[in-house]
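See below for data_3.txt, which holds compact mmCIF, C-alpha atoms.
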```txt
# COMPACT_ATOMS: atom_id res chain seq x y z
CA MET A 23 -24.07 -11.76 -7.27
CA ARG A 24 -21.36 -9.07 -7.14
CA LYS A 25 -18.96 -11.22 -9.16
CA HIS A 26 -21.68 -12.19 -11.66
CA PRO A 27 -24.25 -9.35 -11.65
CA MET A 28 -26.12 -10.66 -14.72
CA VAL A 29 -26.96 -13.85 -12.81
CA GLY A 30 -28.61 -11.82 -10.05
CA ASP A 31 -30.55 -9.70 -12.54
CA CYS A 32 -31.76 -12.82 -14.35
CA PHE A 33 -32.97 -14.20 -11.04
CA VAL A 34 -34.95 -11.00 -10.37
CA ALA A 35 -36.47 -11.16 -13.87
CA LEU A 36 -37.48 -14.79 -13.34
CA LEU A 37 -39.06 -13.92 -9.99
CA LEU A 38 -41.10 -11.11 -11.57
CA LEU A 39 -42.19 -13.46 -14.36
CA VAL A 40 -43.45 -15.97 -11.80
CA VAL A 41 -45.44 -13.18 -10.12
CA ASP A 42 -46.99 -12.21 -13.46
CA ILE A 43 -47.91 -15.81 -14.24
CA GLY A 44 -49.69 -16.06 -10.88
CA PHE A 45 -51.45 -12.77 -11.65
CA LEU A 46 -52.62 -14.10 -15.05
CA GLU A 47 -53.89 -17.33 -13.57
CA PHE A 48 -56.19 -15.50 -11.17
CA VAL A 49 -57.25 -12.64 -13.49
CA LEU A 50 -57.59 -14.18 -16.97
CA GLU A 51 -59.87 -17.10 -17.57
CA ASP A 52 -59.11 -17.46 -21.27
CA ASP A 53 -55.94 -18.68 -22.89
CA TRP A 54 -53.17 -16.33 -21.73
CA SER A 55 -50.15 -17.76 -23.55
CA ALA A 56 -49.77 -14.51 -25.55
CA ALA A 57 -49.84 -12.55 -22.30
CA VAL A 58 -47.06 -14.73 -20.90
CA LEU A 59 -44.97 -13.96 -23.97
CA LEU A 60 -45.53 -10.22 -23.42
CA ASN A 61 -44.51 -10.56 -19.78
CA VAL A 62 -41.32 -12.39 -20.76
CA VAL A 63 -40.47 -9.55 -23.14
CA ALA A 64 -41.29 -6.96 -20.42
CA VAL A 65 -38.84 -8.42 -17.87
CA ALA A 66 -36.12 -9.37 -20.38
CA PRO A 67 -34.34 -5.94 -20.31
CA LEU A 68 -33.44 -6.58 -16.66
CA THR A 69 -30.63 -8.87 -17.84
CA ILE A 70 -28.66 -5.91 -19.25
CA ARG A 71 -29.48 -3.51 -16.42
CA ARG A 72 -25.95 -3.02 -15.06
CA LYS A 73 -23.96 -3.25 -18.29
CA HIS A 74 -26.25 -0.99 -20.35
CA PRO A 75 -28.44 1.03 -17.93
CA LEU A 76 -29.74 3.54 -20.53
CA TRP A 77 -30.68 0.82 -23.02
CA PHE A 78 -32.39 -1.10 -20.24
CA ALA A 79 -34.41 1.92 -19.03
CA TYR A 80 -35.68 3.03 -22.41
CA LEU A 81 -36.50 -0.52 -23.51
CA ALA A 82 -38.40 -1.17 -20.27
CA LEU A 83 -40.42 2.05 -20.56
CA PRO A 84 -42.66 1.19 -23.60
CA LEU A 85 -42.87 -2.49 -22.70
CA GLY A 86 -44.00 -1.71 -19.15
CA LEU A 87 -46.59 0.82 -20.36
CA LEU A 88 -47.94 -1.68 -22.91
CA GLN A 89 -48.23 -4.35 -20.24
CA GLY A 90 -50.03 -1.93 -17.91
CA THR A 91 -52.41 -0.81 -20.66
CA LEU A 92 -53.40 -4.40 -21.46
CA ALA A 93 -53.60 -5.26 -17.72
CA VAL A 94 -51.77 -8.56 -18.14
CA GLY A 95 -49.19 -8.18 -15.38
CA VAL A 96 -47.58 -6.01 -12.70
CA SER A 97 -43.90 -6.53 -13.53
CA GLY A 98 -43.83 -3.54 -15.89
CA ILE A 99 -44.38 -1.09 -13.02
CA ILE A 100 -41.70 -2.80 -10.95
CA VAL A 101 -39.21 -2.85 -13.85
CA ASN A 102 -39.78 0.86 -14.50
CA ALA A 103 -39.20 1.61 -10.81
CA ILE A 104 -35.98 -0.44 -10.95
CA ALA A 105 -34.99 1.60 -14.01
CA VAL A 106 -35.28 4.81 -11.97
CA TYR A 107 -32.97 3.34 -9.31
CA THR A 108 -30.52 2.04 -11.92
CA LEU A 109 -30.19 5.35 -13.74
CA VAL A 110 -29.59 7.30 -10.52
CA VAL A 111 -26.89 4.85 -9.37
CA TYR A 112 -25.09 4.04 -12.63
CA THR A 113 -25.52 7.11 -14.84
CA GLY A 114 -26.23 10.00 -12.47
CA ARG A 115 -29.01 12.16 -11.15
CA ARG A 116 -29.54 14.10 -14.39
CA SER A 117 -30.50 11.12 -16.55
CA GLY A 118 -32.60 9.79 -13.68
CA VAL A 119 -34.60 13.06 -13.50
CA VAL A 120 -35.24 13.02 -17.26
CA TYR A 121 -36.41 9.42 -17.17
CA LEU A 122 -38.58 9.94 -14.08
CA LEU A 123 -40.32 13.00 -15.57
CA LEU A 124 -40.96 11.11 -18.81
CA LEU A 125 -42.30 8.14 -16.88
CA ILE A 126 -44.60 10.31 -14.75
CA ALA A 127 -45.93 12.15 -17.78
CA ILE A 128 -46.74 8.99 -19.73
CA SER A 129 -48.24 7.27 -16.67
CA SER A 130 -50.43 10.32 -15.96
CA ILE A 131 -51.74 10.38 -19.53
CA GLN A 132 -52.42 6.66 -19.34
CA LEU A 133 -54.34 7.01 -16.09
CA VAL A 134 -56.40 9.96 -17.33
CA THR A 135 -57.38 8.41 -20.67
CA GLY A 136 -57.40 4.86 -19.71
CA GLY A 137 -59.94 3.45 -17.84
CA PRO A 138 -60.08 2.59 -14.16
CA GLN A 139 -62.68 4.01 -11.81
CA ASP A 140 -61.81 6.98 -9.60
CA GLY A 141 -61.01 4.82 -6.57
CA GLU A 142 -58.82 2.48 -8.55
CA ASN A 143 -57.23 5.48 -10.27
CA ASN A 144 -56.28 7.06 -6.95
CA ALA A 145 -54.90 3.76 -5.62
CA THR A 146 -52.82 3.22 -8.76
CA THR A 147 -51.48 6.78 -8.57
CA LEU A 148 -50.51 6.29 -4.92
CA ILE A 149 -48.75 2.99 -5.67
CA LEU A 150 -46.80 4.49 -8.58
CA THR A 151 -45.82 7.57 -6.57
CA VAL A 152 -44.61 5.55 -3.59
CA SER A 153 -42.73 3.08 -5.81
CA PHE A 154 -40.93 5.72 -7.86
CA ALA A 155 -40.14 7.86 -4.80
CA PHE A 156 -38.77 4.89 -2.89
CA CYS A 157 -36.55 3.83 -5.81
CA TRP A 158 -35.31 7.39 -6.25
CA VAL A 159 -34.37 7.75 -2.57
CA LEU A 160 -32.74 4.30 -2.57
CA GLY A 161 -30.77 5.21 -5.70
CA GLU A 162 -29.59 8.47 -4.11
CA PHE A 163 -28.46 6.62 -1.00
CA VAL A 164 -26.55 3.93 -2.91
CA SER A 165 -25.03 6.49 -5.28
CA ALA A 166 -23.79 8.62 -2.36
CA ARG A 167 -22.40 5.53 -0.67
CA ARG A 168 -20.54 4.52 -3.83
CA ALA A 169 -19.13 8.03 -4.19
CA TYR A 170 -18.00 7.99 -0.55
CA HIS A 171 -16.25 4.64 -0.95
CA ALA A 172 -14.62 5.81 -4.18
CA GLU A 173 -13.29 8.90 -2.37
CA VAL A 174 -12.00 6.77 0.50
CA GLU A 175 -10.30 4.42 -1.96
CA ALA A 176 -8.68 7.38 -3.74
CA ARG A 177 -7.45 8.85 -0.46
CA LEU A 178 -6.06 5.49 0.68
CA HIS A 179 -4.28 5.07 -2.64
CA LEU A 180 -2.81 8.57 -2.28
CA LEU A 181 -1.65 7.83 1.27
CA GLU A 182 -0.07 4.55 0.16
CA THR A 183 1.72 6.38 -2.65
CA GLU A 184 2.97 9.08 -0.29
CA ARG A 185 4.13 6.45 2.19
CA ASP A 186 6.01 4.56 -0.53
CA GLN A 187 7.61 7.77 -1.74
CA ALA A 188 8.66 8.70 1.80
CA THR A 189 10.19 5.24 2.22
CA ARG A 190 12.09 5.53 -1.05
CA ILE A 191 13.35 9.00 -0.09
CA ALA A 192 14.50 7.70 3.30
CA VAL A 193 16.28 4.76 1.66
CA ALA A 194 17.94 7.08 -0.86
CA GLN A 195 19.11 9.42 1.89
CA GLU A 196 20.49 6.55 3.93
CA ARG A 197 22.25 5.11 0.90
CA SER A 198 23.79 8.51 0.24
CA ARG A 199 25.10 8.62 3.78
CA ILE A 200 26.34 5.04 3.51
CA SER A 201 28.10 5.85 0.23
CA ARG A 202 29.82 8.80 1.88
CA GLU A 203 31.06 6.59 4.69
CA LEU A 204 32.05 3.73 2.39
CA HIS A 205 33.97 6.24 0.30
CA ASP A 206 36.20 6.99 3.28
CA VAL A 207 36.52 3.35 4.36
CA VAL A 208 37.16 1.74 0.98
CA ALA A 209 39.26 4.61 -0.36
CA HIS A 210 41.54 4.33 2.67
CA ALA A 211 41.89 0.54 2.27
CA VAL A 212 42.65 0.75 -1.42
CA SER A 213 45.11 3.61 -0.85
CA VAL A 214 47.02 1.42 1.63
CA ILE A 215 47.14 -1.38 -0.92
CA VAL A 216 48.53 1.00 -3.53
CA VAL A 217 51.22 2.31 -1.18
CA GLN A 218 52.25 -1.21 -0.18
CA ALA A 219 52.38 -2.33 -3.79
CA ASP A 220 54.58 0.65 -4.67
CA GLY A 221 56.92 -0.19 -1.83
CA ALA A 222 57.02 -3.84 -2.75
CA SER A 223 58.00 -3.02 -6.32
CA TYR A 224 61.26 -1.54 -5.01
CA ALA A 225 61.81 -4.09 -2.24
CA VAL A 226 61.75 -7.29 -4.27
CA ARG A 227 65.23 -8.36 -5.40
CA SER A 228 64.85 -11.90 -6.69
CA ASN A 229 64.01 -11.80 -10.40
CA PRO A 230 63.68 -8.08 -10.06
CA GLU A 231 62.43 -7.25 -13.55
CA LEU A 232 59.51 -9.70 -13.51
CA ALA A 233 58.61 -8.96 -9.90
CA GLU A 234 58.83 -5.25 -10.50
CA ARG A 235 56.52 -5.44 -13.55
CA ALA A 236 54.02 -7.61 -11.67
CA VAL A 237 53.95 -5.41 -8.62
CA ARG A 238 53.75 -2.29 -10.78
CA THR A 239 50.75 -3.85 -12.53
CA ILE A 240 49.11 -4.40 -9.15
CA SER A 241 49.81 -0.79 -8.28
CA GLU A 242 48.32 0.53 -11.53
CA THR A 243 45.28 -1.74 -11.20
CA GLY A 244 44.72 -0.58 -7.65
CA ARG A 245 44.95 3.07 -8.68
CA GLY A 246 42.48 2.47 -11.51
CA ALA A 247 40.07 0.66 -9.22
CA LEU A 248 40.37 3.46 -6.68
CA ALA A 249 39.61 6.13 -9.29
CA GLU A 250 36.64 4.16 -10.64
CA LEU A 251 35.30 3.52 -7.16
CA ARG A 252 35.47 7.22 -6.34
CA ARG A 253 33.72 8.09 -9.59
CA LEU A 254 30.88 5.59 -9.02
CA LEU A 255 30.39 6.66 -5.42
CA ASP A 256 30.28 10.31 -6.45
CA VAL A 257 27.53 9.45 -8.93
CA LEU A 258 25.68 7.49 -6.23
CA ARG A 259 25.95 10.37 -3.77
CA ASN A 260 24.87 12.95 -6.35
CA ASP A 261 25.31 15.85 -3.97
CA ASP A 262 27.38 18.98 -3.84
CA ASP A 263 27.90 19.15 -0.12
CA GLN A 264 31.20 20.37 1.21
CA GLU A 265 31.11 18.51 4.52
CA PRO A 266 34.58 18.15 6.04
CA ARG A 267 36.07 14.66 6.11
CA VAL A 268 36.51 13.42 9.68
CA PRO A 269 37.56 10.01 11.08
CA GLN A 270 34.54 7.71 11.24
CA PRO A 271 33.56 6.10 14.55
CA THR A 272 33.95 2.37 15.13
CA ALA A 273 32.53 -0.27 17.43
CA GLY A 274 35.28 0.61 19.88
CA SER A 275 33.63 4.01 20.32
CA LEU A 276 30.41 2.54 21.72
CA ALA A 277 31.53 3.11 25.31
CA GLU A 278 31.94 6.81 24.59
CA LEU A 279 28.54 6.83 22.89
CA ALA A 280 26.99 5.27 26.00
CA GLU A 281 28.57 7.94 28.18
CA ARG A 282 27.17 10.71 25.99
CA MET A 283 23.70 9.14 26.07
CA THR A 284 23.88 8.83 29.87
CA ALA A 285 24.82 12.49 30.11
CA ALA A 286 21.82 13.28 27.89
CA GLY A 287 19.47 11.58 30.37
CA LEU A 288 19.32 7.97 29.15
CA PRO A 289 21.23 5.53 31.39
CA VAL A 290 23.00 3.04 29.13
CA SER A 291 24.92 -0.06 30.17
CA VAL A 292 27.21 -1.75 27.67
CA ASP A 293 28.43 -5.31 27.30
CA LEU A 294 31.06 -5.28 24.57
CA ASP A 295 33.30 -8.05 23.30
CA LYS A 296 37.00 -7.33 23.77
CA ASP A 297 37.84 -8.34 20.19
CA LEU A 298 35.77 -5.66 18.43
CA ASP A 299 38.97 -4.01 17.16
CA ARG A 300 39.34 -7.00 14.81
CA LEU A 301 36.18 -6.08 12.93
CA PRO A 302 36.56 -4.79 9.37
CA THR A 303 36.24 -1.03 9.21
CA GLY A 304 32.95 -1.02 7.29
CA VAL A 305 31.28 -3.54 9.61
CA SER A 306 32.60 -1.72 12.68
CA LEU A 307 31.13 1.53 11.40
CA GLY A 308 27.79 -0.21 10.64
CA VAL A 309 27.61 -1.63 14.19
CA TYR A 310 28.23 1.82 15.63
CA ARG A 311 25.53 3.45 13.47
CA ILE A 312 22.93 0.80 14.33
CA VAL A 313 23.54 1.21 18.07
CA GLN A 314 23.60 4.99 17.71
CA GLU A 315 20.24 5.08 15.91
CA SER A 316 18.69 2.58 18.35
CA LEU A 317 19.71 4.65 21.40
CA THR A 318 18.47 7.79 19.71
CA ASN A 319 15.05 6.16 19.23
CA VAL A 320 15.02 5.08 22.88
CA LEU A 321 15.82 8.62 23.96
CA LYS A 322 12.96 10.00 21.84
CA HIS A 323 10.24 7.40 22.37
CA ALA A 324 10.84 5.30 25.50
CA GLY A 325 9.83 7.83 28.16
CA PRO A 326 11.51 9.59 31.08
CA GLN A 327 12.39 6.54 33.23
CA ALA A 328 13.78 4.36 30.46
CA ARG A 329 17.10 2.50 30.61
CA ALA A 330 18.94 0.81 27.78
CA THR A 331 21.35 -2.08 27.46
CA VAL A 332 23.76 -2.54 24.54
CA SER A 333 25.33 -5.90 23.81
CA VAL A 334 27.81 -6.56 20.99
CA ARG A 335 29.14 -10.10 20.65
CA LEU A 336 31.71 -11.25 18.11
CA GLU A 337 31.42 -14.84 16.94
CA GLU A 338 33.42 -16.80 14.38
CA SER A 339 31.58 -15.65 11.29
CA GLU A 340 29.24 -12.88 12.42
CA VAL A 341 28.77 -10.09 14.90
CA GLU A 342 25.57 -9.91 16.95
CA VAL A 343 24.16 -6.56 18.07
CA GLU A 344 21.32 -6.23 20.56
CA VAL A 345 19.82 -3.06 22.05
CA LEU A 346 17.15 -3.44 24.75
CA ASP A 347 15.17 -0.87 26.71
CA ASN A 348 12.42 -0.94 29.32
CA GLY A 349 10.45 2.08 28.06
CA ARG A 350 7.03 2.25 26.53
CA GLY A 351 8.35 2.14 22.97
CA PRO A 352 6.61 3.49 19.85
CA SER A 353 2.86 2.89 19.66
CA LEU A 354 1.36 0.52 17.13
CA VAL A 355 0.06 2.08 13.98
CA GLY A 356 -3.08 1.07 12.04
CA THR A 357 -2.66 1.08 8.27
CA ARG A 358 -5.14 0.43 5.52
CA THR A 359 -4.18 -2.00 2.80
CA ARG A 360 -5.74 -3.31 -0.36
CA VAL A 361 -5.54 -6.98 -1.27
CA ASN A 362 -7.20 -8.18 -4.47
CA GLY A 363 -9.37 -5.08 -4.55
CA THR A 364 -10.53 -5.40 -0.93
CA THR A 365 -9.72 -2.70 1.60
CA GLY A 366 -8.87 -3.80 5.10
CA LEU A 367 -7.30 -2.51 8.32
CA THR A 368 -4.06 -4.11 9.48
CA THR A 369 -1.82 -3.38 12.45
CA ALA A 370 1.84 -2.78 11.73
CA LEU A 371 4.89 -1.75 13.64
CA PRO A 372 5.99 1.80 12.95
CA GLY A 373 8.69 1.87 10.32
CA GLY A 374 10.16 5.36 10.62
CA ASN A 375 13.12 6.62 8.67
CA GLY A 376 15.55 5.61 11.43
CA LEU A 377 14.39 2.00 11.39
CA ILE A 378 14.44 1.99 7.58
CA GLY A 379 18.02 3.29 7.68
CA MET A 380 19.16 0.62 10.14
CA ARG A 381 17.64 -2.15 8.05
CA GLU A 382 19.17 -0.73 4.89
CA ARG A 383 22.60 -0.56 6.53
CA ALA A 384 22.35 -4.16 7.75
CA ASN A 385 21.25 -5.30 4.28
CA VAL A 386 24.16 -3.48 2.63
CA LEU A 387 26.56 -5.33 4.93
CA GLY A 388 24.88 -8.66 4.10
CA GLY A 389 23.14 -9.04 7.44
CA ARG A 390 19.61 -8.82 8.80
CA LEU A 391 17.94 -6.64 11.41
CA THR A 392 14.69 -7.04 13.33
CA ALA A 393 12.99 -4.58 15.65
CA GLY A 394 9.83 -4.80 17.73
CA PRO A 395 8.26 -4.65 21.19
CA ARG A 396 9.45 -6.98 23.93
CA PRO A 397 6.93 -9.31 25.65
CA GLY A 398 7.62 -7.74 29.04
CA GLY A 399 7.56 -4.17 27.78
CA GLY A 400 10.07 -1.99 26.04
CA TRP A 401 11.70 -2.37 22.66
CA ARG A 402 14.33 -4.66 21.13
CA VAL A 403 16.62 -4.13 18.17
CA HIS A 404 18.59 -7.17 17.07
CA ALA A 405 21.03 -7.46 14.18
CA ARG A 406 23.34 -10.15 12.85
CA ILE A 407 26.02 -9.14 10.36
CA PRO A 408 28.40 -11.60 8.69
CA VAL A 409 32.06 -10.76 9.14
CA ARG A 410 35.51 -11.95 8.09
CA LEU A 411 37.87 -11.10 10.91
CA GLU A 412 41.05 -9.20 10.23
CA THR A 413 44.22 -10.98 11.27
```
Could you show the structure in this file as structure tokens?
Amino acid sequence: MRKHPMVGDCFVALLLLVVDIGFLEFVLEDDWSAAVLLNVVAVAPLTIRRKHPLWFAYLALPLGLLQGTLAVGVSGIIVNAIAVYTLVVYTGRRSGVVYLLLLIAISSIQLVTGGPQDGENNATTLILTVSFAFCWVLGEFVSARRAYHAEVEARLHLLETERDQATRIAVAQERSRISRELHDVVAHAVSVIVVQADGASYAVRSNPELAERAVRTISETGRGALAELRRLLDVLRNDDDQEPRVPQPTAGSLAELAERMTAAGLPVSVDLDKDLDRLPTGVSLGVYRIVQESLTNVLKHAGPQARATVSVRLEESEVEVEVLDNGRGPSLVGTRTRVNGTTGLTTALPGGNGLIGMRERANVLGGRLTAGPRPGGGWRVHARIPVRLET
């Protein structure tokens, strides 16, 4: 009925028509086919109740009063009461008050001038009062509930927007830091190539002219690529910081990192492959940053008695990084989501800026990173990064 509201309203109209037909069969002894037609017309506006509430209300008002005056059915009273509820819910309290006052005034005039005995008059007045009051209160309740859900939906949408913006800001900040580091790594590599090409242009003696032109072309191309790379990275960074350039750490510095963390109060044991010096500079820096961020999270979230283990293994085509701890780890977070217009509560692992940065770094290097609670307690960060070993 929520997907197809007109179907539900048509069903209500049909039900009221059946009630009126039963009423006619017991009250009228003569032919009442004309009365049936009037009852059909009286309940017909119900079919447009939700799409056109004002049209429905002000069409139902004269038809219901005519039906009540002729005493050929009871659906008119019910339809008018439904109109009060509909106006309060779909158009607001103001139009509902105007309609209710108009309805009460016309009904009072009809009762005074019309005809029933005093007892019947009092009973009819009581029925009308209770019906209209009930529909008004029900309309107020449903309207307030709709407003509350609309406010909740708006707040959830705002929170989702703020969360997405915070994620994008964190990603942008991490990319800026990565670009700064890649600037040092790649600029150094390209500079070495340029220097070697310059030296080779003077060292080659067989077919010296051709070799010298070729090597000089390599040198000029390398310089152009280096200048373009610096320009693009400066645009990507888009900052005016004057941070001093210092040598970047590598995977070989993980033992020193573990010692510093132990001195800070987090006992860390390391299991490092002996061939980590063969890693490319960018990958080696990425491994160091992932371990550094993981141990920082352990220090902040795992509790006072936590211990951590760092394992870095170098395989033929990838390097595997694993950081384990036995602490309590970050708590699970409940988040509200909307799927196909339906709001629900889901449980998700916390994705702070540090975790976002680690995943972004692994993605930039072509790898993948997962993080989550361990079955026996604690937290696990695991990354696999493809690598081409330096010879």
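With distances taken over all atoms listed in the file, A:Gly389 is the one residue among A:Gly349, A:Gly389, A:Pro84, A:Pro397 lying closest to Val309 in chain A.
Excluding Leu76 in chain A itself and same-chain residues fewer than 4 positions from it, the residues having an atom within 8 Å of it are Tyr80, Leu109 and Thr113 of chain A, counting all atoms listed in the file.
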Generate the output file for the selected residues, C-alpha atoms, as a tab-separated table (two decimals), in the frame of the given file.
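out-v7.tsv written:
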```tsv
chain	number	residue	atom	x	y	z
A	80	TYR	CA	-35.68	3.03	-22.41
A	109	LEU	CA	-30.19	5.35	-13.74
A	113	THR	CA	-25.52	7.11	-14.84
```
Give me, as a PyMOL selection string, all polymer residues having an atom no more than 9 Å from Asn61 in chain A, counting only C-alpha atoms and skipping those fewer than 3 positions away in the same chain.
chain A and resi 38-39+42-43+56-58+64-66+85-86+89+94-98
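Interatomic distance, CA of Val119 in chain A to CA of Leu68 in chain A: 19.9 Å.
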Work out how far apart CA of Ile312 in chain A and CA of Glu338 in chain A are and give it in Å to one decimal.
20.5 Å
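Closest approach to Gly161 in chain A among A:Ser316, A:Ser117, A:Thr91, A:Thr108: A:Thr108, based on only C-alpha atoms.
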Can you put N, CA, C and O atoms back into range 392-407 of chain A and show it as a PDB file, in the frame of the given file?
```pdb
ATOM      1  N   THR A 392      16.094  -7.000  12.917  1.00  0.00           N
ATOM      2  CA  THR A 392      14.690  -7.040  13.330  1.00  0.00           C
ATOM      3  C   THR A 392      14.502  -6.071  14.484  1.00  0.00           C
ATOM      4  O   THR A 392      15.415  -5.840  15.286  1.00  0.00           O
ATOM      5  N   ALA A 393      13.314  -5.508  14.570  1.00  0.00           N
ATOM      6  CA  ALA A 393      12.990  -4.580  15.650  1.00  0.00           C
ATOM      7  C   ALA A 393      11.531  -4.738  16.015  1.00  0.00           C
ATOM      8  O   ALA A 393      10.685  -4.932  15.144  1.00  0.00           O
ATOM      9  N   GLY A 394      11.216  -4.663  17.300  1.00  0.00           N
ATOM     10  CA  GLY A 394       9.830  -4.800  17.730  1.00  0.00           C
ATOM     11  C   GLY A 394       9.711  -4.739  19.235  1.00  0.00           C
ATOM     12  O   GLY A 394      10.714  -4.708  19.971  1.00  0.00           O
ATOM     13  N   PRO A 395       8.478  -4.720  19.739  1.00  0.00           N
ATOM     14  CA  PRO A 395       8.260  -4.650  21.190  1.00  0.00           C
ATOM     15  C   PRO A 395       8.655  -5.938  21.879  1.00  0.00           C
ATOM     16  O   PRO A 395       8.543  -7.025  21.314  1.00  0.00           O
ATOM     17  N   ARG A 396       9.108  -5.819  23.107  1.00  0.00           N
ATOM     18  CA  ARG A 396       9.450  -6.980  23.930  1.00  0.00           C
ATOM     19  C   ARG A 396       8.212  -7.483  24.665  1.00  0.00           C
ATOM     20  O   ARG A 396       7.324  -6.685  24.990  1.00  0.00           O
ATOM     21  N   PRO A 397       8.112  -8.783  24.943  1.00  0.00           N
ATOM     22  CA  PRO A 397       6.930  -9.310  25.650  1.00  0.00           C
ATOM     23  C   PRO A 397       6.705  -8.657  27.003  1.00  0.00           C
ATOM     24  O   PRO A 397       5.575  -8.406  27.400  1.00  0.00           O
ATOM     25  N   GLY A 398       7.772  -8.333  27.720  1.00  0.00           N
ATOM     26  CA  GLY A 398       7.620  -7.740  29.040  1.00  0.00           C
ATOM     27  C   GLY A 398       7.568  -6.228  29.041  1.00  0.00           C
ATOM     28  O   GLY A 398       7.577  -5.619  30.110  1.00  0.00           O
ATOM     29  N   GLY A 399       7.551  -5.620  27.876  1.00  0.00           N
ATOM     30  CA  GLY A 399       7.560  -4.170  27.780  1.00  0.00           C
ATOM     31  C   GLY A 399       8.890  -3.673  27.246  1.00  0.00           C
ATOM     32  O   GLY A 399       9.931  -4.312  27.407  1.00  0.00           O
ATOM     33  N   GLY A 400       8.860  -2.532  26.623  1.00  0.00           N
ATOM     34  CA  GLY A 400      10.070  -1.990  26.040  1.00  0.00           C
ATOM     35  C   GLY A 400      10.227  -2.383  24.587  1.00  0.00           C
ATOM     36  O   GLY A 400       9.291  -2.878  23.939  1.00  0.00           O
ATOM     37  N   TRP A 401      11.423  -2.193  24.084  1.00  0.00           N
ATOM     38  CA  TRP A 401      11.700  -2.370  22.660  1.00  0.00           C
ATOM     39  C   TRP A 401      13.014  -3.122  22.475  1.00  0.00           C
ATOM     40  O   TRP A 401      13.921  -3.022  23.318  1.00  0.00           O
ATOM     41  N   ARG A 402      13.125  -3.866  21.397  1.00  0.00           N
ATOM     42  CA  ARG A 402      14.330  -4.660  21.130  1.00  0.00           C
ATOM     43  C   ARG A 402      14.753  -4.480  19.683  1.00  0.00           C
ATOM     44  O   ARG A 402      13.929  -4.606  18.769  1.00  0.00           O
ATOM     45  N   VAL A 403      16.011  -4.166  19.491  1.00  0.00           N
ATOM     46  CA  VAL A 403      16.620  -4.130  18.170  1.00  0.00           C
ATOM     47  C   VAL A 403      17.705  -5.182  18.134  1.00  0.00           C
ATOM     48  O   VAL A 403      18.581  -5.215  19.013  1.00  0.00           O
ATOM     49  N   HIS A 404      17.644  -6.051  17.134  1.00  0.00           N
ATOM     50  CA  HIS A 404      18.590  -7.170  17.070  1.00  0.00           C
ATOM     51  C   HIS A 404      19.100  -7.290  15.636  1.00  0.00           C
ATOM     52  O   HIS A 404      18.316  -7.288  14.684  1.00  0.00           O
ATOM     53  N   ALA A 405      20.427  -7.359  15.510  1.00  0.00           N
ATOM     54  CA  ALA A 405      21.030  -7.460  14.180  1.00  0.00           C
ATOM     55  C   ALA A 405      22.134  -8.502  14.198  1.00  0.00           C
ATOM     56  O   ALA A 405      22.854  -8.662  15.191  1.00  0.00           O
ATOM     57  N   ARG A 406      22.246  -9.197  13.074  1.00  0.00           N
ATOM     58  CA  ARG A 406      23.340 -10.150  12.850  1.00  0.00           C
ATOM     59  C   ARG A 406      23.999  -9.796  11.523  1.00  0.00           C
ATOM     60  O   ARG A 406      23.316  -9.744  10.497  1.00  0.00           O
ATOM     61  N   ILE A 407      25.296  -9.575  11.557  1.00  0.00           N
ATOM     62  CA  ILE A 407      26.020  -9.140  10.360  1.00  0.00           C
ATOM     63  C   ILE A 407      27.186 -10.104  10.142  1.00  0.00           C
ATOM     64  O   ILE A 407      28.008 -10.314  11.054  1.00  0.00           O
TER      65      ILE A 407
END
```
